[in-house]
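Data block for upload_32.txt (compact mmCIF, C-alpha atoms and all ligand atoms):
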```txt
# COMPACT_ATOMS: atom_id res chain seq x y z
CA MET A 181 -26.09 -33.39 -2.50
CA LYS A 182 -25.58 -29.88 -1.07
CA LYS A 183 -24.36 -27.38 -3.72
CA LEU A 184 -21.22 -25.45 -2.73
CA LYS A 185 -21.80 -21.68 -2.70
CA LYS A 186 -19.45 -19.80 -5.05
CA ASN A 187 -17.32 -17.23 -3.20
CA PRO A 188 -17.88 -13.96 -5.14
CA TRP A 189 -14.43 -12.64 -4.06
CA PHE A 190 -12.57 -15.65 -5.50
CA ASP A 191 -11.65 -14.67 -9.07
CA LYS A 192 -8.76 -15.47 -11.44
CA TRP A 193 -6.42 -13.08 -9.55
CA ALA A 194 -7.22 -14.72 -6.21
CA ALA A 195 -6.60 -18.16 -7.76
CA LEU A 196 -3.28 -16.97 -9.23
CA ALA A 197 -2.19 -15.46 -5.88
CA LYS A 198 -2.90 -18.79 -4.17
CA GLU A 199 -0.99 -20.70 -6.86
CA LYS A 200 2.05 -18.37 -6.56
CA GLY A 201 2.04 -18.48 -2.73
CA TYR A 202 0.95 -14.88 -1.98
CA PRO A 203 -1.54 -14.28 0.83
CA ALA A 204 -3.70 -11.85 -1.20
CA ARG A 205 -4.72 -11.08 -4.80
CA SER A 206 -3.74 -7.42 -4.29
CA VAL A 207 -0.13 -8.35 -5.13
CA PHE A 208 -1.02 -8.21 -8.84
CA LYS A 209 -1.95 -4.53 -8.58
CA LEU A 210 1.48 -3.71 -7.15
CA LYS A 211 3.17 -5.94 -9.75
CA GLU A 212 1.50 -3.99 -12.53
CA ILE A 213 2.40 -0.63 -10.97
CA GLN A 214 6.01 -1.81 -10.51
CA GLU A 215 6.21 -3.01 -14.14
CA LYS A 216 5.03 0.39 -15.37
CA PHE A 217 6.79 2.80 -12.98
CA LYS A 218 9.75 0.69 -11.69
CA VAL A 219 9.80 2.51 -8.34
CA ILE A 220 11.22 -0.33 -6.19
CA LYS A 221 14.87 -1.35 -6.69
CA PRO A 222 17.31 -3.84 -5.09
CA GLY A 223 18.73 -2.56 -1.79
CA PHE A 224 15.85 -0.15 -1.15
CA LYS A 225 14.23 0.53 2.22
CA VAL A 226 10.46 0.39 1.74
CA LEU A 227 7.63 1.28 4.14
CA ASP A 228 4.39 -0.66 3.48
CA LEU A 229 1.33 0.90 5.18
CA GLY A 230 -1.69 -1.39 5.47
CA ALA A 231 0.55 -4.41 4.98
CA SER A 232 -1.77 -7.22 6.18
CA PRO A 233 -2.03 -10.03 5.16
CA GLY A 234 1.36 -9.40 3.53
CA SER A 235 1.37 -9.97 -0.22
CA TRP A 236 2.78 -6.53 -1.09
CA SER A 237 5.53 -6.88 1.52
CA GLN A 238 6.35 -10.39 0.28
CA PHE A 239 6.66 -9.14 -3.31
CA VAL A 240 8.73 -6.10 -2.25
CA CYS A 241 11.13 -8.32 -0.24
CA GLU A 242 11.73 -10.34 -3.44
CA ILE A 243 12.77 -7.12 -5.23
CA VAL A 244 14.83 -5.37 -2.53
CA GLY A 245 16.81 -8.54 -1.73
CA PRO A 246 19.29 -9.06 1.14
CA GLN A 247 20.64 -5.48 1.06
CA GLY A 248 17.15 -3.99 1.46
CA LYS A 249 14.54 -3.80 4.22
CA VAL A 250 10.76 -3.70 4.28
CA VAL A 251 8.84 -2.24 7.21
CA GLY A 252 5.15 -3.12 7.36
CA VAL A 253 2.44 -1.43 9.46
CA ASP A 254 -1.13 -2.64 9.97
CA ILE A 255 -3.79 -2.88 12.65
CA GLU A 256 -4.17 -6.55 11.68
CA PRO A 257 -1.42 -9.21 11.92
CA VAL A 258 0.47 -10.42 8.83
CA LYS A 259 0.79 -13.93 7.40
CA PHE A 260 4.23 -13.25 5.91
CA HIS A 261 7.60 -13.52 7.66
CA SER A 262 11.12 -12.84 6.41
CA LYS A 263 14.49 -11.70 7.75
CA LEU A 264 14.11 -8.61 5.56
CA PHE A 265 10.69 -7.75 6.96
CA LEU A 266 9.98 -5.80 10.15
CA PHE A 267 6.36 -5.47 11.19
CA MET A 268 4.57 -3.07 13.55
CA GLN A 269 1.01 -4.00 14.48
CA LYS A 270 -0.30 -0.44 14.91
CA ASP A 271 -2.84 2.04 13.67
CA VAL A 272 -0.99 4.48 11.35
CA PHE A 273 -2.57 7.39 13.20
CA THR A 274 -0.67 6.37 16.35
CA LEU A 275 2.76 6.03 14.67
CA THR A 276 5.50 8.22 16.13
CA LYS A 277 9.05 9.15 15.14
CA LYS A 278 10.23 7.02 18.08
CA ASP A 279 8.69 3.87 16.51
CA PHE A 280 10.99 4.29 13.52
CA GLU A 281 14.00 5.30 15.63
CA GLU A 282 13.56 2.07 17.61
CA LEU A 283 13.61 0.09 14.36
CA GLY A 284 16.74 1.97 13.28
CA ILE A 285 15.14 3.10 9.98
CA THR A 286 14.00 6.71 9.78
CA GLN A 287 14.32 7.32 6.01
CA PHE A 288 12.77 5.28 3.18
CA ASP A 289 13.32 5.12 -0.59
CA VAL A 290 9.68 4.19 -1.25
CA ILE A 291 6.48 4.45 0.78
CA LEU A 292 3.51 2.26 -0.17
CA SER A 293 -0.03 2.50 1.13
CA ASP A 294 -2.65 -0.06 0.24
CA MET A 295 -4.64 1.03 3.32
CA ALA A 296 -8.39 0.85 2.94
CA PRO A 297 -11.11 1.77 5.41
CA LYS A 298 -13.76 -0.78 6.41
CA THR A 299 -16.28 0.02 3.71
CA THR A 300 -19.84 1.05 4.62
CA GLY A 301 -21.26 0.89 1.09
CA ILE A 302 -22.01 4.63 1.39
CA GLU A 303 -19.85 6.02 -1.40
CA THR A 304 -19.17 9.48 0.09
CA THR A 305 -18.28 8.08 3.53
CA ASP A 306 -15.95 5.45 2.07
CA HIS A 307 -14.33 8.07 -0.19
CA LEU A 308 -13.74 10.50 2.70
CA ARG A 309 -12.31 7.77 4.94
CA SER A 310 -9.91 6.70 2.21
CA VAL A 311 -8.92 10.37 1.72
CA GLU A 312 -7.97 10.51 5.44
CA LEU A 313 -5.77 7.43 5.02
CA ALA A 314 -4.16 8.80 1.84
CA MET A 315 -3.45 12.13 3.55
CA LYS A 316 -1.87 10.29 6.51
CA ALA A 317 0.34 8.40 4.03
CA LEU A 318 1.31 11.77 2.48
CA GLU A 319 2.17 13.17 5.94
CA LEU A 320 4.47 10.17 6.50
CA CYS A 321 6.04 10.78 3.05
CA LYS A 322 6.88 14.33 4.16
CA GLU A 323 8.59 13.01 7.32
CA LEU A 324 10.14 9.73 6.24
CA LEU A 325 10.70 9.69 2.47
CA LYS A 326 14.15 10.52 1.09
CA GLU A 327 14.62 13.27 -1.49
CA GLY A 328 14.05 11.63 -4.90
CA GLY A 329 11.90 8.90 -3.29
CA SER A 330 8.54 7.66 -4.57
CA ALA A 331 5.13 6.72 -3.17
CA ILE A 332 2.22 4.52 -4.24
CA VAL A 333 -0.94 5.39 -2.31
CA LYS A 334 -4.41 3.88 -2.64
CA ILE A 335 -7.47 6.12 -2.65
CA PHE A 336 -11.16 5.61 -3.48
CA ASP A 337 -12.17 7.94 -6.31
CA GLY A 338 -14.47 10.83 -5.47
CA PRO A 339 -14.83 14.62 -5.36
CA GLU A 340 -11.80 15.19 -3.07
CA LEU A 341 -9.35 13.46 -5.44
CA PRO A 342 -8.23 16.65 -7.29
CA LYS A 343 -7.46 18.34 -3.92
CA VAL A 344 -5.52 15.33 -2.69
CA ARG A 345 -3.60 15.18 -5.99
CA LYS A 346 -2.63 18.85 -5.55
CA GLU A 347 -1.28 18.08 -2.07
CA PHE A 348 0.86 15.28 -3.54
CA GLU A 349 2.07 17.65 -6.28
CA LYS A 350 3.46 19.97 -3.58
CA ILE A 351 6.03 17.37 -2.56
CA PHE A 352 6.55 15.21 -5.70
CA LEU A 353 7.96 16.38 -9.07
CA SER A 354 5.51 14.11 -10.91
CA VAL A 355 2.14 12.69 -9.84
CA LYS A 356 0.06 10.15 -11.81
CA ILE A 357 -3.24 8.42 -11.13
CA PHE A 358 -3.29 4.72 -12.06
CA ARG A 359 -5.94 1.99 -12.03
CA PRO A 360 -4.44 -1.52 -12.31
CA LYS A 361 -6.23 -4.20 -14.36
CA ALA A 362 -6.43 -6.48 -11.29
CA THR A 363 -8.75 -3.97 -9.58
CA ARG A 364 -12.20 -5.47 -9.04
CA LYS A 365 -14.93 -4.43 -11.48
CA GLY A 366 -17.00 -1.58 -10.06
CA SER A 367 -14.37 -0.73 -7.42
CA LYS A 368 -13.62 2.97 -6.88
CA GLU A 369 -10.01 2.15 -6.02
CA LEU A 370 -7.20 4.13 -7.67
CA PHE A 371 -3.51 4.61 -6.90
CA ILE A 372 -1.71 7.93 -6.64
CA ILE A 373 1.85 7.49 -7.87
CA GLY A 374 4.16 10.19 -6.53
CA LEU A 375 7.55 10.18 -8.27
CA ASN A 376 10.73 11.97 -7.26
CA LYS A 377 10.17 13.69 -3.91
CA LYS A 378 11.36 17.32 -4.02
C1 LIG B 1 -6.36 -4.11 1.09
S1 LIG B 1 -5.67 -4.48 2.65
C2 LIG B 1 -3.96 -4.48 2.30
C3 LIG B 1 -3.48 -5.70 1.55
C4 LIG B 1 -1.96 -5.80 1.50
N1 LIG B 1 -1.41 -4.74 0.68
C5 LIG B 1 -1.51 -7.11 0.94
O1 LIG B 1 -1.13 -7.13 -0.24
O2 LIG B 1 -1.53 -8.14 1.64
C6 LIG B 1 -5.87 -2.98 3.50
C7 LIG B 1 -5.28 -2.98 4.90
O3 LIG B 1 -5.31 -1.65 5.43
C8 LIG B 1 -5.31 -1.78 6.83
N2 LIG B 1 -5.66 -0.50 7.48
C9 LIG B 1 -6.79 0.22 7.35
N3 LIG B 1 -6.75 1.29 8.15
C10 LIG B 1 -5.54 1.26 8.80
C11 LIG B 1 -4.92 2.10 9.77
N4 LIG B 1 -5.53 3.19 10.24
N5 LIG B 1 -3.69 1.78 10.21
C12 LIG B 1 -3.07 0.65 9.75
N6 LIG B 1 -3.62 -0.18 8.83
C13 LIG B 1 -4.83 0.11 8.36
C14 LIG B 1 -6.37 -2.87 7.06
O4 LIG B 1 -6.22 -3.44 8.35
C15 LIG B 1 -6.06 -3.84 5.92
O5 LIG B 1 -5.25 -4.90 6.35
```
Show me the file's structure as structure tokens.
Amino acid sequence: MKKLKKNPWFDKWAALAKEKGYPARSVFKLKEIQEKFKVIKPGFKVLDLGASPGSWSQFVCEIVGPQGKVVGVDIEPVKFHSKLFLFMQKDVFTLTKKDFEELGITQFDVILSDMAPKTTGIETTDHLRSVELAMKALELCKELLKEGGSAIVKIFDGPELPKVRKEFEKIFLSVKIFRPKATRKGSKELFIIGLNKK
């Protein structure tokens, strides 16, 4: 009998995500960040950059409830649908003010970015590409985040991290770097937590 090949990406977090009905294991990273920093609250308007397949948005909709709204953006389509969830299938670098005006939401309480570049395996290239995405998320925080608002932004660790952190410190009163337990072993992924926009 043919032996089934073990999928190296299917670990206990992926199994748990499947069991709980989330489209991706990454939800557990956001859950941990939320438990620690409590940035998302009922009634909030949240922008989720790099939302596909949709597990972060699904989890955030559960928290914000019927008085809140979640806007997702991704190049790829999402597998999650809800009355509270508006989705734009777009590259973040092409987003304009008009896109948000058309949705009727131009200010957010929280901005999330789980955006990741297609990895090449070349550490410096992957780091620099993730820096570009994190800086784009920061630019959107400057334009769209309310005073007092917070951001959670993924970045791959590397030599540019201190510079990026300094840029976040210019607009947030407090900035932390956090690595959730659900992050894969050996991954360079970290999250910049920007609290209390100035
Ligand atoms: C790790 S996945 C996000 C998983 C998601 N948070 C979830 O829980 O389902 C990273 C996403 O970033 C998106 N992404 C990467 N570059 C992007 C860009 N320039 N604009 C929009 N989305 C982008 C990818 O298409 C991918 O879906």
Discussion item. Here is a test: counting only C-alpha atoms and all ligand atoms, which residue of A:Thr304, A:Ser367, A:Ser262, A:Ser310 is nearest to ligand LIG 1 (chain B)?
Written reply: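 Smallest separation from ligand LIG 1 (chain B) among the options: A:Ser310.
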Practice prompt. Dig up all the protein and nucleic acid residues within 7 Å of (9.1, -7.2, 4.4) in the file frame, using only C-alpha atoms, and format them as a list in words.
Written response: Ser237, Gln238, Val240, Cys241, Lys249, Val250, Val251, Gly252, Ser262, Leu264, Phe265 and Leu266 of chain A
Discussion item. Any residue with an atom at most 9 Å from ligand LIG 1 (chain B) counts, using all atoms listed in the file. Which are they? Put them as a count of residues only.
Written reply: 46
Fill in: Long-range neighbours of segment 334-349 of chain A as a VMD selection string, 10 Å cut-off, only C-alpha atoms, 6 positions minimum in chain
chain A and resid 292 to 297 303 to 304 306 to 315 317 to 319 321 to 322 355 to 359 367 to 375 377 to 378
Worksheet item: Could you work out how far atom CA of Gly328 of chain A lies from atom CA of Phe288 of chain A, giving the answer in Å with one decimal?
Response: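 We find that atom CA of Phe288 of chain A and atom CA of Gly328 of chain A lie 10.4 Å from each other.
When atom CA of Pro246 of chain A is paired with atom CA of Lys278 of chain A, their separation reads 25.1 Å.
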Item to complete: Would you mind reading off the distance between atom CA of Val226 of chain A and atom CA of Arg364 of chain A, one decimal, in Å?
Response: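 Between these atoms lies a distance of 25.8 Å.
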Assuming the input is short of atoms at segment 200-227 of chain A, produce N, CA and C atoms for that part as a compact mmCIF listing (two decimals), keeping the file's coordinate frame.
```txt
# COMPACT_ATOMS: atom_id res chain seq x y z
N LYS A 200 0.68 -18.90 -6.66
CA LYS A 200 2.05 -18.37 -6.56
C LYS A 200 2.52 -18.22 -5.10
N GLY A 201 1.63 -18.52 -4.14
CA GLY A 201 2.04 -18.48 -2.73
C GLY A 201 1.98 -17.10 -2.09
N TYR A 202 1.15 -16.19 -2.62
CA TYR A 202 0.95 -14.88 -1.98
C TYR A 202 -0.33 -14.91 -1.17
N PRO A 203 -0.33 -14.23 0.01
CA PRO A 203 -1.54 -14.28 0.83
C PRO A 203 -2.73 -13.48 0.32
N ALA A 204 -2.54 -12.62 -0.70
CA ALA A 204 -3.70 -11.85 -1.20
C ALA A 204 -3.55 -11.52 -2.69
N ARG A 205 -4.69 -11.37 -3.37
CA ARG A 205 -4.72 -11.08 -4.80
C ARG A 205 -4.17 -9.68 -5.11
N SER A 206 -4.16 -8.80 -4.07
CA SER A 206 -3.74 -7.42 -4.29
C SER A 206 -2.30 -7.31 -4.79
N VAL A 207 -1.52 -8.38 -4.65
CA VAL A 207 -0.13 -8.35 -5.13
C VAL A 207 -0.07 -8.01 -6.62
N PHE A 208 -1.08 -8.44 -7.39
CA PHE A 208 -1.02 -8.21 -8.84
C PHE A 208 -1.19 -6.74 -9.21
N LYS A 209 -1.84 -5.98 -8.33
CA LYS A 209 -1.95 -4.53 -8.58
C LYS A 209 -0.57 -3.90 -8.43
N LEU A 210 0.14 -4.27 -7.36
CA LEU A 210 1.48 -3.71 -7.15
C LEU A 210 2.43 -4.17 -8.25
N LYS A 211 2.30 -5.44 -8.68
CA LYS A 211 3.17 -5.94 -9.75
C LYS A 211 3.02 -5.10 -11.00
N GLU A 212 1.77 -4.78 -11.33
CA GLU A 212 1.50 -3.99 -12.53
C GLU A 212 2.07 -2.56 -12.40
N ILE A 213 1.88 -1.98 -11.21
CA ILE A 213 2.40 -0.63 -10.97
C ILE A 213 3.94 -0.66 -11.07
N GLN A 214 4.54 -1.68 -10.48
CA GLN A 214 6.01 -1.81 -10.51
C GLN A 214 6.51 -1.99 -11.95
N GLU A 215 5.80 -2.81 -12.75
CA GLU A 215 6.21 -3.01 -14.14
C GLU A 215 6.18 -1.70 -14.90
N LYS A 216 5.19 -0.87 -14.63
CA LYS A 216 5.03 0.39 -15.37
C LYS A 216 5.97 1.49 -14.84
N PHE A 217 6.07 1.64 -13.52
CA PHE A 217 6.79 2.80 -12.98
C PHE A 217 8.17 2.46 -12.39
N LYS A 218 8.44 1.16 -12.18
CA LYS A 218 9.75 0.69 -11.69
C LYS A 218 10.26 1.49 -10.49
N VAL A 219 9.41 1.68 -9.49
CA VAL A 219 9.80 2.51 -8.34
C VAL A 219 10.65 1.77 -7.32
N ILE A 220 10.49 0.43 -7.22
CA ILE A 220 11.22 -0.33 -6.19
C ILE A 220 12.47 -0.97 -6.82
N LYS A 221 13.60 -0.83 -6.13
CA LYS A 221 14.87 -1.35 -6.69
C LYS A 221 15.61 -2.16 -5.62
N PRO A 222 16.53 -3.06 -6.06
CA PRO A 222 17.31 -3.84 -5.09
C PRO A 222 18.02 -2.91 -4.10
N GLY A 223 18.04 -3.33 -2.83
CA GLY A 223 18.73 -2.56 -1.79
C GLY A 223 17.89 -1.47 -1.15
N PHE A 224 16.69 -1.25 -1.67
CA PHE A 224 15.85 -0.15 -1.15
C PHE A 224 15.28 -0.47 0.23
N LYS A 225 15.00 0.63 0.96
CA LYS A 225 14.23 0.53 2.22
C LYS A 225 12.81 0.99 1.89
N VAL A 226 11.85 0.12 2.16
CA VAL A 226 10.46 0.39 1.74
C VAL A 226 9.53 0.30 2.96
N LEU A 227 8.65 1.30 3.08
CA LEU A 227 7.63 1.28 4.14
C LEU A 227 6.29 0.90 3.50
```
